[in-house]
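Engineer: One file is attached below, model_20.cif, containing mmCIF, C-alpha atoms.
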data_protein
#
loop_
_atom_site.group_PDB
_atom_site.id
_atom_site.type_symbol
_atom_site.label_atom_id
_atom_site.label_comp_id
_atom_site.auth_asym_id
_atom_site.auth_seq_id
_atom_site.Cartn_x
_atom_site.Cartn_y
_atom_site.Cartn_z
ATOM 1 C CA MET I 1 -16.805 -0.964 4.501
ATOM 2 C CA PHE I 2 -14.613 -0.312 1.464
ATOM 3 C CA SER I 3 -15.113 -1.380 -2.119
ATOM 4 C CA HIS I 4 -11.709 -0.178 -3.307
ATOM 5 C CA VAL I 5 -8.937 2.301 -2.621
ATOM 6 C CA PHE I 6 -7.234 4.064 -5.540
ATOM 7 C CA VAL I 7 -3.811 5.691 -5.232
ATOM 8 C CA SER I 8 -2.438 7.640 -8.156
ATOM 9 C CA VAL I 9 1.160 7.374 -9.320
ATOM 10 C CA SER I 10 3.361 9.287 -11.741
ATOM 11 C CA ASP I 11 5.482 6.384 -13.054
ATOM 12 C CA PHE I 12 3.338 3.264 -13.358
ATOM 13 C CA GLU I 13 6.139 0.742 -13.936
ATOM 14 C CA ARG I 14 8.152 2.031 -10.970
ATOM 15 C CA ALA I 15 5.024 1.985 -8.805
ATOM 16 C CA LEU I 16 4.148 -1.532 -9.952
ATOM 17 C CA VAL I 17 7.562 -2.836 -8.844
ATOM 18 C CA PHE I 18 7.282 -1.001 -5.507
ATOM 19 C CA HIS I 19 3.724 -2.048 -4.648
ATOM 20 C CA SER I 20 4.205 -5.605 -5.909
ATOM 21 C CA ALA I 21 7.072 -6.046 -3.435
ATOM 22 C CA VAL I 22 5.099 -4.583 -0.519
ATOM 23 C CA MET I 23 1.985 -6.632 -1.323
ATOM 24 C CA ALA I 24 3.999 -9.836 -1.722
ATOM 25 C CA SER I 25 5.510 -9.292 1.736
ATOM 26 C CA LEU I 26 1.959 -9.163 3.121
ATOM 27 C CA GLY I 27 0.774 -12.191 1.155
ATOM 28 C CA VAL I 28 -1.649 -10.111 -0.951
ATOM 29 C CA GLU I 29 -2.257 -11.337 -4.509
ATOM 30 C CA LEU I 30 -2.282 -9.298 -7.694
ATOM 31 C CA ARG I 31 -5.807 -9.410 -9.132
ATOM 32 C CA PHE I 32 -5.194 -7.541 -12.389
ATOM 33 C CA CYS I 33 -2.573 -5.511 -14.210
ATOM 34 C CA GLU I 34 -3.322 -3.630 -17.412
ATOM 35 C CA ARG I 35 -0.270 -1.674 -18.474
ATOM 36 C CA ASP I 36 -2.093 -0.017 -21.388
ATOM 37 C CA LYS I 37 -4.552 1.802 -19.055
ATOM 38 C CA PRO I 38 -2.281 1.773 -16.830
ATOM 39 C CA TRP I 39 -3.637 0.285 -13.621
ATOM 40 C CA ALA I 40 -3.121 -2.701 -11.325
ATOM 41 C CA GLY I 41 -5.102 -4.008 -8.389
ATOM 42 C CA TRP I 42 -4.637 -6.384 -5.490
ATOM 43 C CA HIS I 43 -7.402 -8.081 -3.533
ATOM 44 C CA SER I 44 -7.885 -9.517 -0.103
ATOM 45 C CA ALA I 45 -6.815 -13.075 0.691
ATOM 46 C CA ASP I 46 -10.289 -14.491 0.082
ATOM 47 C CA ARG I 47 -10.338 -12.862 -3.373
ATOM 48 C CA SER I 48 -13.022 -10.437 -2.339
ATOM 49 C CA ARG I 49 -13.177 -6.717 -1.892
ATOM 50 C CA PRO I 50 -11.725 -4.388 -0.963
ATOM 51 C CA PHE I 51 -9.276 -3.858 -3.781
ATOM 52 C CA PHE I 52 -6.170 -1.718 -3.600
ATOM 53 C CA VAL I 53 -5.486 -0.110 -6.983
ATOM 54 C CA ILE I 54 -2.632 1.986 -8.389
ATOM 55 C CA CYS I 55 -3.146 4.027 -11.526
ATOM 56 C CA LYS I 56 -2.217 7.200 -13.335
ATOM 57 C CA PRO I 57 -4.700 9.979 -12.515
ATOM 58 C CA TRP I 58 -7.795 9.462 -14.675
ATOM 59 C CA ASN I 59 -8.140 13.176 -15.426
ATOM 60 C CA GLY I 60 -4.693 13.285 -17.067
ATOM 61 C CA GLN I 61 -3.393 15.842 -14.579
ATOM 62 C CA PRO I 62 -0.079 15.254 -12.763
ATOM 63 C CA HIS I 63 -0.048 13.096 -9.649
ATOM 64 C CA ALA I 64 0.144 14.929 -6.309
ATOM 65 C CA PRO I 65 0.182 13.156 -2.926
ATOM 66 C CA GLY I 66 -2.325 14.433 -0.396
ATOM 67 C CA ASN I 67 -1.316 15.959 2.905
ATOM 68 C CA GLY I 68 -2.809 14.029 5.801
ATOM 69 C CA GLN I 69 -3.912 11.088 3.640
ATOM 70 C CA MET I 70 -2.668 7.557 4.265
ATOM 71 C CA VAL I 71 -3.593 4.005 3.364
ATOM 72 C CA ALA I 72 -2.971 1.393 6.064
ATOM 73 C CA PHE I 73 -2.623 -2.312 5.290
ATOM 74 C CA ALA I 74 -3.298 -5.055 7.829
ATOM 75 C CA ALA I 75 -0.309 -7.291 8.498
ATOM 76 C CA PRO I 76 -0.813 -10.816 9.846
ATOM 77 C CA SER I 77 2.198 -10.563 12.170
ATOM 78 C CA ARG I 78 4.864 -8.253 13.488
ATOM 79 C CA ALA I 79 7.354 -10.018 11.231
ATOM 80 C CA ALA I 80 5.170 -9.083 8.260
ATOM 81 C CA VAL I 81 5.250 -5.437 9.386
ATOM 82 C CA HIS I 82 9.048 -5.564 9.265
ATOM 83 C CA ALA I 83 9.053 -7.371 5.900
ATOM 84 C CA ALA I 84 6.670 -4.880 4.277
ATOM 85 C CA HIS I 85 8.581 -1.886 5.629
ATOM 86 C CA GLN I 86 11.863 -3.333 4.388
ATOM 87 C CA ALA I 87 10.351 -4.142 0.976
ATOM 88 C CA ALA I 88 9.202 -0.529 0.724
ATOM 89 C CA LEU I 89 12.667 0.814 1.535
ATOM 90 C CA ASP I 90 14.364 -1.689 -0.789
ATOM 91 C CA HIS I 91 12.172 -0.535 -3.680
ATOM 92 C CA GLY I 92 12.609 3.220 -3.475
ATOM 93 C CA GLY I 93 10.360 4.133 -0.565
ATOM 94 C CA SER I 94 11.276 6.355 2.349
ATOM 95 C CA CYS I 95 10.780 5.701 6.049
ATOM 96 C CA GLU I 96 8.111 7.677 7.883
ATOM 97 C CA GLY I 97 8.311 5.604 11.080
ATOM 98 C CA ALA I 98 10.272 2.426 11.779
ATOM 99 C CA PRO I 99 8.468 -0.773 12.795
ATOM 100 C CA GLY I 100 7.539 -0.806 16.439
ATOM 101 C CA PRO I 101 4.795 -0.647 19.028
ATOM 102 C CA ARG I 102 2.492 2.374 19.038
ATOM 103 C CA PRO I 103 0.731 2.050 22.421
ATOM 104 C CA GLN I 104 -0.863 5.463 21.930
ATOM 105 C CA TYR I 105 -3.227 3.737 19.433
ATOM 106 C CA HIS I 106 -3.898 0.586 21.481
ATOM 107 C CA ALA I 107 -2.011 -1.949 23.592
ATOM 108 C CA HIS I 108 -1.203 -4.377 20.756
ATOM 109 C CA TYR I 109 -0.713 -1.955 17.857
ATOM 110 C CA TYR I 110 2.538 -2.659 16.017
ATOM 111 C CA GLY I 111 3.109 -0.644 12.874
ATOM 112 C CA ALA I 112 5.478 0.948 10.414
ATOM 113 C CA TYR I 113 5.073 3.929 8.088
ATOM 114 C CA PHE I 114 6.607 4.721 4.709
ATOM 115 C CA ARG I 115 6.113 6.692 1.520
ATOM 116 C CA ASP I 116 6.228 5.271 -1.972
ATOM 117 C CA PRO I 117 8.429 6.899 -4.649
ATOM 118 C CA ASP I 118 5.517 9.234 -5.530
ATOM 119 C CA GLY I 119 5.204 10.506 -1.949
ATOM 120 C CA ASN I 120 1.999 8.623 -1.059
ATOM 121 C CA LYS I 121 1.977 7.652 2.617
ATOM 122 C CA PHE I 122 1.312 4.091 3.746
ATOM 123 C CA CYS I 123 1.205 2.118 6.969
ATOM 124 C CA VAL I 124 1.366 -1.582 7.726
ATOM 125 C CA ALA I 125 -0.068 -2.570 11.081
ATOM 126 C CA CYS I 126 -0.516 -5.711 13.126
ATOM 127 C CA HIS I 127 -3.194 -5.545 15.816
ATOM 128 C CA ALA I 128 -2.501 -8.911 17.464
ATOM 129 C CA PRO I 129 -0.662 -9.354 20.747
ATOM 130 C CA ALA I 130 3.035 -10.228 20.544
#
Now, as a test, write the supplied structure out as structure tokens.
Structural biologist:
Amino acid sequence: MFSHVFVSVSDFERALVFHSAVMASLGVELRFCERDKPWAGWHSADRSRPFFVICKPWNGQPHAPGNGQMVAFAAPSRAAVHAAHQAALDHGGSCEGAPGPRPQYHAHYYGAYFRDPDGNKFCVACHAPA
């Protein structure tokens, strides 16, 4: 369904450290990083789309996180949900919901929510049974 998801950041180097840690905890590989643009992108395990990309806003205006917007990453296990959430907190993120079951979404949903240092909201979710 998706080709790519872009999320803008205000401090590229800080964001690169943050998102690199979260992606590594999920086993997602860095596809490219061009500091001069600046932008960096990660791809799915099979090296195909979709891409997740961080960048400074292309229009040169200041970054502003959206209200009600969120990017959710698939985690292969509940342990990966915990690892990604902890990586986010260890690298300057803030907790928006600790790892745990969310039966209001479906019986096997296990997720965690956090914001990056720029205020962008993210989720990591495992949809497999325990």
Engineer: Smallest atom-to-atom distance to I:Pro50: which of I:Ala21, I:Ala75, I:Val28, I:Val5, using only C-alpha atoms?
Structural biologist: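 Nearest candidate to I:Pro50 out of I:Ala21, I:Ala75, I:Val28, I:Val5: I:Val5.
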Engineer: At what distance in Å, to one decimal, does atom CA of I:Ser25 lie from atom CA of I:Asp116?
Structural biologist: 15.0 Å
Engineer: If the PyMOL selection byres ((chain I and resi 52-66) around 9) were run on this exact file, what residues would it hold? Put them as a PDB file with C-alpha atoms, in the frame of the given file.
Structural biologist:
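Ended up saving to expr_24.pdb:
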ATOM      1  CA  HIS I   4     -11.709  -0.178  -3.307  1.00  0.00           C
ATOM      2  CA  VAL I   5      -8.937   2.301  -2.621  1.00  0.00           C
ATOM      3  CA  PHE I   6      -7.234   4.064  -5.540  1.00  0.00           C
ATOM      4  CA  VAL I   7      -3.811   5.691  -5.232  1.00  0.00           C
ATOM      5  CA  SER I   8      -2.438   7.640  -8.156  1.00  0.00           C
ATOM      6  CA  VAL I   9       1.160   7.374  -9.320  1.00  0.00           C
ATOM      7  CA  SER I  10       3.361   9.287 -11.741  1.00  0.00           C
ATOM      8  CA  ASP I  11       5.482   6.384 -13.054  1.00  0.00           C
ATOM      9  CA  PHE I  12       3.338   3.264 -13.358  1.00  0.00           C
ATOM     10  CA  ALA I  15       5.024   1.985  -8.805  1.00  0.00           C
ATOM     11  CA  LEU I  16       4.148  -1.532  -9.952  1.00  0.00           C
ATOM     12  CA  HIS I  19       3.724  -2.048  -4.648  1.00  0.00           C
ATOM     13  CA  LYS I  37      -4.552   1.802 -19.055  1.00  0.00           C
ATOM     14  CA  PRO I  38      -2.281   1.773 -16.830  1.00  0.00           C
ATOM     15  CA  TRP I  39      -3.637   0.285 -13.621  1.00  0.00           C
ATOM     16  CA  ALA I  40      -3.121  -2.701 -11.325  1.00  0.00           C
ATOM     17  CA  GLY I  41      -5.102  -4.008  -8.389  1.00  0.00           C
ATOM     18  CA  TRP I  42      -4.637  -6.384  -5.490  1.00  0.00           C
ATOM     19  CA  HIS I  43      -7.402  -8.081  -3.533  1.00  0.00           C
ATOM     20  CA  SER I  44      -7.885  -9.517  -0.103  1.00  0.00           C
ATOM     21  CA  ARG I  49     -13.177  -6.717  -1.892  1.00  0.00           C
ATOM     22  CA  PRO I  50     -11.725  -4.388  -0.963  1.00  0.00           C
ATOM     23  CA  PHE I  51      -9.276  -3.858  -3.781  1.00  0.00           C
ATOM     24  CA  ASN I  67      -1.316  15.959   2.905  1.00  0.00           C
ATOM     25  CA  GLY I  68      -2.809  14.029   5.801  1.00  0.00           C
ATOM     26  CA  GLN I  69      -3.912  11.088   3.640  1.00  0.00           C
ATOM     27  CA  MET I  70      -2.668   7.557   4.265  1.00  0.00           C
ATOM     28  CA  ASP I 118       5.517   9.234  -5.530  1.00  0.00           C
ATOM     29  CA  GLY I 119       5.204  10.506  -1.949  1.00  0.00           C
ATOM     30  CA  ASN I 120       1.999   8.623  -1.059  1.00  0.00           C
ATOM     31  CA  LYS I 121       1.977   7.652   2.617  1.00  0.00           C
TER      32      LYS I 121
END
Engineer: Might you pull out every residue within 9 Å of I:His108, with only C-alpha atoms counted and same-chain residues fewer than 3 positions away left off, and present them as a ChimeraX atom specification?
Structural biologist: /I:101-103,105,126-130
Engineer: Could you check the closest approach to I:Arg31 for each of I:Val71, I:Val17, I:His91, I:Ser48 and tell me which residue wins, using only C-alpha atoms?
Structural biologist: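 Closest to I:Arg31, using only C-alpha atoms: I:Ser48.
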Engineer: Once the PyMOL selection byres ((chain I and resi 113) around 6) is applied to the coordinates I shared, what remains selected? I want it as an mmCIF file with C-alpha atoms, in the coordinates of the input.
Structural biologist:
data_model
loop_
_atom_site.group_PDB
_atom_site.id
_atom_site.type_symbol
_atom_site.label_atom_id
_atom_site.label_comp_id
_atom_site.auth_asym_id
_atom_site.auth_seq_id
_atom_site.Cartn_x
_atom_site.Cartn_y
_atom_site.Cartn_z
ATOM 1 C CA GLU I 96 8.111 7.677 7.883
ATOM 2 C CA GLY I 97 8.311 5.604 11.080
ATOM 3 C CA ALA I 112 5.478 0.948 10.414
ATOM 4 C CA PHE I 114 6.607 4.721 4.709
ATOM 5 C CA PHE I 122 1.312 4.091 3.746
ATOM 6 C CA CYS I 123 1.205 2.118 6.969
#
Engineer: Atom CA of I:Pro76 and atom CA of I:Leu26 are how many Å apart?
Structural biologist: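 For atom CA of I:Pro76 relative to atom CA of I:Leu26, the distance reads 7.5 Å.
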Engineer: Name the residues within 9 Å of (4.9, -6.1, 11.7), counting all atoms listed in the file in the file's coordinates, and put them as a VMD selection string.
Structural biologist: chain I and resid 75 to 85 99 to 100 110 to 112 124 to 126
Engineer: I need the residue nearest I:Asp90 from this list: I:Gly27, I:His106, I:Arg35, I:Arg115. Use only C-alpha atoms for the distance.
Structural biologist: I:Arg115
Engineer: Which residue gives the smallest distance to I:Ser20 among I:Ala74, I:Ala87, I:Ala107, I:Ala98, with all atoms listed in the file counted?
Structural biologist: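 Counting all atoms listed in the file, the residue closest to I:Ser20 is I:Ala87.
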Engineer: Between atom CA of I:Phe32 and atom CA of I:Gly92, what is the distance in Å, rounded to a tenth?
Structural biologist: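 Calculated distance between atom CA of I:Phe32 and atom CA of I:Gly92 is 22.6 Å.
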